[in-house]
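J.: Okay, here's the structure, questions in a sec.
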2 protein chains.
Amino acid sequence: MTRSRSLLLPLWLSLLTVAGCFGLQNKSPHLSTEQSSDAHDQITQISVINSLMLGQYDGTVAFETFLKAGNFGLGTLDRLDGELIVLDGKGYQAKGDGSVTLVSRDNRIPFAVITPFETDGEFPCPAADSLHALEDMLDRAIEHPNNFVAVRVEAKLASITIRSVQGQTRPYRPLSETVKSQSVWTHNNLSGTFVGIRSPAWVGGLTVPGYHWHFLSSDKAIGGHVLACDIRTGDVRYDICGEWNILLEQSEEFNRTAVGNDLRDEVRKVESLREE
Amino acid sequence: MTRSRSLLLPLWLSLLTVAGCFGLQNKSPHLSTEQSSDAHDQITQISVINSLMLGQYDGTVAFETFLKAGNFGLGTLDRLDGELIVLDGKGYQAKGDGSVTLVSRDNRIPFAVITPFETDGEFPCPAADSLHALEDMLDRAIEHPNNFVAVRVEAKLASITIRSVQGQTRPYRPLSETVKSQSVWTHNNLSGTFVGIRSPAWVGGLTVPGYHWHFLSSDKAIGGHVLACDIRTGDVRYDICGEWNILLEQSEEFNRTAVGNDLRDEVRKVESLREE
């Protein structure tokens, strides 16, 4: 991934100036228990990505509980039944049949990340004819490679390619198998919101390294996990998050999950899988 | 390490029965924002271990702020000036000269973990003539290999070998270099408390995998990072922690830190380094 490459090389030392982007902020970490104005800077995550990769699709936290930790995020739903988009405090379920519905309060979430989005910086989004182009531009503008960043892009698009997945039944197969039957759609000439979380390259098997993008159209009728895009213009807002909170279940099944396996290549494939 | 080995093999499926140990608990994750009685199950961590390994010794969070997140934990202090032990809500600084003092409220902590300890289980500690023997016994008794566990052992000891380190001055060297000048002491026939945090094997470069033990004698006069021990008898209490909260600074120096480097061998050496 572009992001990983730019982290391996110190390219971010030669930062390009992007109109409106903010300089480096020096901040000590805070504790959300402090109730300070920085308390919003916490990313909360249910489970770890390797657990989902290995087929742990049963949800563990009710959506209404999850929403207490933020208003902006992404993930999946109970039994892997679609792509979850949390935008402005509402949950949208982009299903494998292409429909988008509001998430029910009691849907249990197996894997997702959420944060209370408050803008740390914003700037116009230039045209970007691919996800790589978008992410390269954002890396230069946002910096902080060792922190988490929530990124919201309101975009007018020439096209977007998104995917979703069908709910699964037990016995669950690994995610790398399951996504082979994903549904993929390309839509042209539309507007909508990219809901993105950028995680540091060093997160290993705990979450998705680099950018993870879901999309919801302005009319809330189209949504999913983004595989490709061609952005004409847009606006970027971002929120740098210095606190990462991981919720782990305590169950025999989780105990048996080989969370420590190196699944980074599989994660990359699952996140970027597209019809060639 | 023993713990890593037992996780690579499914040895924990053949759990030995230990008197007084509790069976597996099935719990969904919770959110500390829920203010439930489970809120104590959060481990809060300042920074990531790889950052400390690479010489980031400047503290970032004031000790009095850190204490808001718990009453039981361990770590180090500003400029690596000794070993930090948090016990019953008090902070003890075991210095490189062998003395133990209370931690000042404004000492800034570069790396540490803390939790509000509440007992999930307890049992008598059998004799254990080494750290490995202690950890093997605890692994069998406590289970939950994919969760964090705070472990408190009140022990009567035939002997204990502990170390501490001197405060450093800039330019800081990597921790693997710094600990070569550690002070090591062996004490015989004493009693005291082991303050331990067990982290899952999959934590990578984020924290110390397996057991991490600091020790404080009953008279609070002796303390440090445990390198070896010979326990005659004792009592174990543990607290399973299903929420892991990592606080990251936002600074140019942290941005430049190669947190993603694989330093697992170095971490193991630093944690277990002793005079052979």
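Ligands are numbered from 1 in the order shown, chains are lettered A, B, ... in the order of the structure tokens, and residues start at 1 in each chain.
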So that I can check the surroundings of segment 163-166 of chain B, please list as JSON, numbers by chain every protein, DNA and RNA residue that reaches within 6 Å of it, counting only C-alpha atoms and ignoring chain neighbours fewer than 5 positions away.
T.: {"B": [81, 82, 83, 96, 182, 183, 184, 224, 225]}
J.: Keeping N, CA and C atoms, export the residues of the selection given above as a compact mmCIF listing (two decimals), in the first residue's frame.
T.:
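The resulting result_1.txt:
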# COMPACT_ATOMS: atom_id res chain seq x y z
N ASP B 81 14.46 7.04 34.80
CA ASP B 81 15.07 7.15 36.12
C ASP B 81 14.44 6.15 37.10
N GLY B 82 14.72 4.87 36.85
CA GLY B 82 14.26 3.83 37.77
C GLY B 82 13.06 3.07 37.27
N GLU B 83 12.61 2.16 38.13
CA GLU B 83 11.47 1.29 37.81
C GLU B 83 10.26 1.80 38.58
N GLY B 96 18.08 3.58 40.50
CA GLY B 96 19.27 2.84 40.12
C GLY B 96 20.28 2.69 41.24
N GLN B 182 22.68 -1.50 33.90
CA GLN B 182 21.70 -1.64 34.97
C GLN B 182 22.37 -2.09 36.27
N SER B 183 21.70 -1.80 37.38
CA SER B 183 22.14 -2.33 38.68
C SER B 183 21.28 -3.55 38.99
N VAL B 184 21.90 -4.60 39.50
CA VAL B 184 21.20 -5.84 39.81
C VAL B 184 21.49 -6.22 41.26
N GLY B 224 12.06 -3.14 42.26
CA GLY B 224 12.68 -3.13 40.95
C GLY B 224 12.00 -4.07 39.99
N HIS B 225 12.63 -4.21 38.84
CA HIS B 225 12.16 -5.11 37.78
C HIS B 225 12.68 -6.52 38.10
J.: Counting only C-alpha atoms, what is within 9 Å of Pro110 of chain A, bar same-chain residues fewer than 4 positions away, as a PDB file with N, CA and C atoms, in the first residue's frame?
T.:
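Once everything was written out, this is out_6.pdb:
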ATOM      1  N   ILE A  46     -13.678  -2.369  18.267  1.00  0.00           N
ATOM      2  CA  ILE A  46     -14.159  -3.660  18.748  1.00  0.00           C
ATOM      3  C   ILE A  46     -13.322  -4.765  18.126  1.00  0.00           C
ATOM      4  N   SER A  47     -12.738  -5.600  18.934  1.00  0.00           N
ATOM      5  CA  SER A  47     -11.944  -6.758  18.530  1.00  0.00           C
ATOM      6  C   SER A  47     -10.693  -6.340  17.763  1.00  0.00           C
ATOM      7  N   LEU A  52     -11.321 -11.141  13.027  1.00  0.00           N
ATOM      8  CA  LEU A  52     -12.283 -11.119  11.914  1.00  0.00           C
ATOM      9  C   LEU A  52     -11.740 -11.911  10.725  1.00  0.00           C
ATOM     10  N   GLN A  56     -14.210 -14.846  12.907  1.00  0.00           N
ATOM     11  CA  GLN A  56     -15.006 -14.535  14.101  1.00  0.00           C
ATOM     12  C   GLN A  56     -16.030 -13.457  13.728  1.00  0.00           C
ATOM     13  N   TYR A  57     -17.135 -13.888  13.113  1.00  0.00           N
ATOM     14  CA  TYR A  57     -18.113 -12.943  12.570  1.00  0.00           C
ATOM     15  C   TYR A  57     -19.261 -12.650  13.528  1.00  0.00           C
ATOM     16  N   ASP A  58     -19.352 -13.378  14.629  1.00  0.00           N
ATOM     17  CA  ASP A  58     -20.440 -13.111  15.566  1.00  0.00           C
ATOM     18  C   ASP A  58     -20.175 -11.803  16.309  1.00  0.00           C
ATOM     19  N   GLY A  59     -21.170 -10.934  16.282  1.00  0.00           N
ATOM     20  CA  GLY A  59     -21.016  -9.648  16.943  1.00  0.00           C
ATOM     21  C   GLY A  59     -20.938  -9.794  18.447  1.00  0.00           C
ATOM     22  N   THR A  60     -20.308  -8.802  19.081  1.00  0.00           N
ATOM     23  CA  THR A  60     -20.112  -8.876  20.533  1.00  0.00           C
ATOM     24  C   THR A  60     -20.602  -7.627  21.265  1.00  0.00           C
ATOM     25  N   VAL A  61     -20.731  -6.512  20.566  1.00  0.00           N
ATOM     26  CA  VAL A  61     -21.150  -5.271  21.221  1.00  0.00           C
ATOM     27  C   VAL A  61     -22.368  -4.714  20.482  1.00  0.00           C
ATOM     28  N   GLY A  75     -16.901  -0.369   9.786  1.00  0.00           N
ATOM     29  CA  GLY A  75     -16.665  -1.732  10.242  1.00  0.00           C
ATOM     30  C   GLY A  75     -17.612  -2.670   9.534  1.00  0.00           C
ATOM     31  N   THR A  76     -17.981  -3.737  10.221  1.00  0.00           N
ATOM     32  CA  THR A  76     -18.945  -4.662   9.651  1.00  0.00           C
ATOM     33  C   THR A  76     -19.988  -4.979  10.725  1.00  0.00           C
ATOM     34  N   LEU A  77     -20.940  -5.854  10.364  1.00  0.00           N
ATOM     35  CA  LEU A  77     -22.080  -6.106  11.248  1.00  0.00           C
ATOM     36  C   LEU A  77     -22.133  -7.588  11.613  1.00  0.00           C
ATOM     37  N   ASP A  78     -23.087  -7.898  12.471  1.00  0.00           N
ATOM     38  CA  ASP A  78     -23.235  -9.272  12.938  1.00  0.00           C
ATOM     39  C   ASP A  78     -23.308 -10.231  11.743  1.00  0.00           C
ATOM     40  N   ARG A  79     -22.573 -11.293  11.799  1.00  0.00           N
ATOM     41  CA  ARG A  79     -22.497 -12.317  10.760  1.00  0.00           C
ATOM     42  C   ARG A  79     -21.924 -11.778   9.443  1.00  0.00           C
ATOM     43  N   LEU A  80     -21.189 -10.669   9.523  1.00  0.00           N
ATOM     44  CA  LEU A  80     -20.580 -10.067   8.331  1.00  0.00           C
ATOM     45  C   LEU A  80     -21.655  -9.620   7.337  1.00  0.00           C
TER      46      LEU A  80
END
J.: Need to verify the contact set: Asp265 of chain A, 12 Å, only C-alpha atoms, exclusion of same-chain residues closer than 4 positions in sequence. Can you return it as a list of chain:residue names?
T.: A:Met1, A:Asn50, A:Met53, A:Ser176, A:Gly204, A:Gly205, A:Val208, A:Pro209, A:Asn261, A:Lys269, A:Val270, A:Glu271, A:Ser272, A:Leu273
J.: Put those residues in a file: N, CA and C atoms, as a CSV table (one decimal), in the first residue's frame.
T.:
chain,number,residue,atom,x,y,z
A,1,MET,N,0.8,-1.2,0.0
A,1,MET,CA,0.0,0.0,0.0
A,1,MET,C,0.9,1.2,0.0
A,50,ASN,N,-7.3,-9.4,13.0
A,50,ASN,CA,-7.0,-10.8,12.8
A,50,ASN,C,-8.1,-11.8,13.2
A,53,MET,N,-10.5,-11.7,10.4
A,53,MET,CA,-9.8,-12.5,9.3
A,53,MET,C,-10.0,-14.0,9.5
A,176,SER,N,-10.8,-14.1,4.0
A,176,SER,CA,-10.1,-14.2,2.7
A,176,SER,C,-10.9,-15.1,1.7
A,204,GLY,N,0.2,-3.9,12.9
A,204,GLY,CA,0.2,-5.4,12.8
A,204,GLY,C,-1.1,-6.0,12.6
A,205,GLY,N,-1.4,-7.1,13.3
A,205,GLY,CA,-2.7,-7.8,13.1
A,205,GLY,C,-3.8,-7.2,13.9
A,208,VAL,N,-6.6,-2.5,10.5
A,208,VAL,CA,-6.2,-2.4,9.2
A,208,VAL,C,-5.1,-1.3,9.1
A,209,PRO,N,-3.9,-1.6,8.7
A,209,PRO,CA,-2.9,-0.5,8.6
A,209,PRO,C,-3.2,0.4,7.4
A,261,ASN,N,-1.1,-14.8,14.4
A,261,ASN,CA,-0.6,-15.2,13.1
A,261,ASN,C,-0.4,-13.9,12.3
A,269,LYS,N,-5.0,-8.0,0.9
A,269,LYS,CA,-5.8,-8.5,-0.2
A,269,LYS,C,-7.3,-8.3,0.0
A,270,VAL,N,-7.8,-8.6,1.2
A,270,VAL,CA,-9.2,-8.5,1.5
A,270,VAL,C,-9.6,-7.1,1.4
A,271,GLU,N,-8.8,-6.1,1.8
A,271,GLU,CA,-9.2,-4.7,1.8
A,271,GLU,C,-9.2,-4.2,0.4
A,272,SER,N,-8.4,-4.7,-0.5
A,272,SER,CA,-8.3,-4.1,-1.8
A,272,SER,C,-8.8,-5.0,-2.9
A,273,LEU,N,-9.4,-6.2,-2.6
A,273,LEU,CA,-9.8,-7.1,-3.6
A,273,LEU,C,-10.8,-6.5,-4.5
J.: Taking only C-alpha atoms into account, which of B:Pro174, B:Gly89, B:Pro124, B:Pro29 comes nearest chain A?
T.: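 Closest to chain A, using only C-alpha atoms: B:Pro29.
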J.: When DSSP works through the backbone of this structure, what residues of segment 17-230 of chain A end up as strand (DSSP E), shown as number ranges by chain?
T.: A: 42-46, 61-62, 72-76, 83-87, 90-94, 100-102, 108-109, 112-115, 121-125, 148-164, 183-199, 210-217, 223-230
J.: Which of segment 43-163 of chain B counts as helix (DSSP H, G or I) under DSSP, as a compact mmCIF listing (two decimals) with C-alpha atoms, in the first residue's frame please?
T.:
# COMPACT_ATOMS: atom_id res chain seq x y z
CA ILE B 49 7.23 -0.38 24.03
CA ASN B 50 9.08 0.03 20.73
CA SER B 51 9.20 3.77 21.28
CA LEU B 52 10.89 3.21 24.66
CA MET B 53 13.18 0.61 23.10
CA PHE B 63 2.03 10.79 37.17
CA GLU B 64 -0.98 12.32 38.91
CA THR B 65 -2.87 12.21 35.58
CA PHE B 66 -1.79 8.62 34.96
CA LEU B 67 -3.10 7.60 38.39
CA LYS B 68 -6.63 8.55 37.30
CA ALA B 69 -6.61 5.42 35.13
CA ASP B 78 11.01 10.40 33.18
CA ARG B 79 14.47 9.93 31.65
CA LEU B 80 14.31 6.22 32.53
CA LEU B 131 10.06 -17.01 37.22
CA HIS B 132 9.38 -19.64 34.56
CA ALA B 133 7.82 -21.95 37.13
CA LEU B 134 5.66 -19.11 38.43
CA GLU B 135 4.53 -18.12 34.94
CA ASP B 136 3.78 -21.68 33.84
CA MET B 137 1.63 -22.17 36.91
CA LEU B 138 -0.18 -18.88 36.33
CA ASP B 139 -0.82 -19.63 32.65
CA ARG B 140 -2.55 -22.85 33.60
CA ALA B 141 -4.58 -21.20 36.32
CA ILE B 142 -5.65 -17.98 34.66
J.: To one decimal in Å, tell me the separation between atom CA of Val153 of chain A and atom CA of Ala112 of chain A.
T.: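 Distance reported for this atom pair: 19.2 Å.
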J.: Could you list, as a PyMOL selection string, the residues of chain B having an atom within 9 Å of chain A when counting only C-alpha atoms?
T.: chain B and resi 7-8+10+13+24-31+33-34+42+44+46-47+60-61+65-66+68-69+143-147+200-206+240-252+254-261
J.: Could you list, as a PyMOL selection string, every residue within 6 Å of segment 196-198 of chain B, counting only C-alpha atoms and ignoring same-chain residues fewer than 2 positions away?
T.: chain B and resi 148-151+210-213
J.: Between A:Arg232, A:Lys90, A:Arg170, A:Arg264, which one has atoms that come closest to Ala127 of chain A, using only C-alpha atoms?
T.: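 With only C-alpha atoms as the atom set, the closest residue is A:Arg232.
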J.: Just checking: using only C-alpha atoms, which residue out of A:Leu216, A:Ile160, A:Val267, A:Leu175 ends up closest to Ala228 of chain A?
T.: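 Answer, going by the shortest atom-to-atom distance: A:Ile160.
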J.: State, in Å with one decimal place, the distance from atom CA of His214 of chain B to atom CA of Glu177 of chain B.
T.: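 So the answer is 20.6 Å.
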J.: Mind checking which residues fall within 7 Å of Val236 of chain B, counting only C-alpha atoms, ignoring those fewer than 5 positions away in the same chain, and posting them as a list in words?
T.: Glu122, Phe123, Pro124, Cys125, Arg152, Val153 and Glu154 of chain B
J.: With N, CA and C atoms retained, export the selected residues as a compact mmCIF listing (two decimals), in the first residue's frame.
T.:
# COMPACT_ATOMS: atom_id res chain seq x y z
N GLU B 122 -8.71 -15.71 42.76
CA GLU B 122 -7.54 -15.78 43.64
C GLU B 122 -7.29 -17.23 44.05
N PHE B 123 -6.08 -17.51 44.36
CA PHE B 123 -5.72 -18.87 44.79
C PHE B 123 -4.36 -18.81 45.47
N PRO B 124 -4.06 -19.82 46.28
CA PRO B 124 -2.74 -19.84 46.92
C PRO B 124 -1.64 -20.04 45.89
N CYS B 125 -0.54 -19.40 46.10
CA CYS B 125 0.61 -19.55 45.20
C CYS B 125 1.51 -20.65 45.74
N ARG B 152 -1.36 -10.02 40.86
CA ARG B 152 -0.74 -9.55 42.09
C ARG B 152 -0.40 -10.76 42.93
N VAL B 153 0.85 -10.91 43.27
CA VAL B 153 1.28 -12.05 44.09
C VAL B 153 1.91 -11.52 45.37
N GLU B 154 1.29 -11.84 46.50
CA GLU B 154 1.90 -11.53 47.80
C GLU B 154 2.74 -12.75 48.15
J.: Suppose you want the space between atom CA of Asn71 of chain A and atom CA of Asp88 of chain A; what is it in Å?
T.: 5.4 Å
J.: My list of candidates is B:Gly121, B:Gly192, B:Pro171, B:Gly55. Which is closest to Tyr238 of chain B when distances are computed with only C-alpha atoms?
T.: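 Checking each candidate against Tyr238 of chain B, we get B:Gly121 as the closest.
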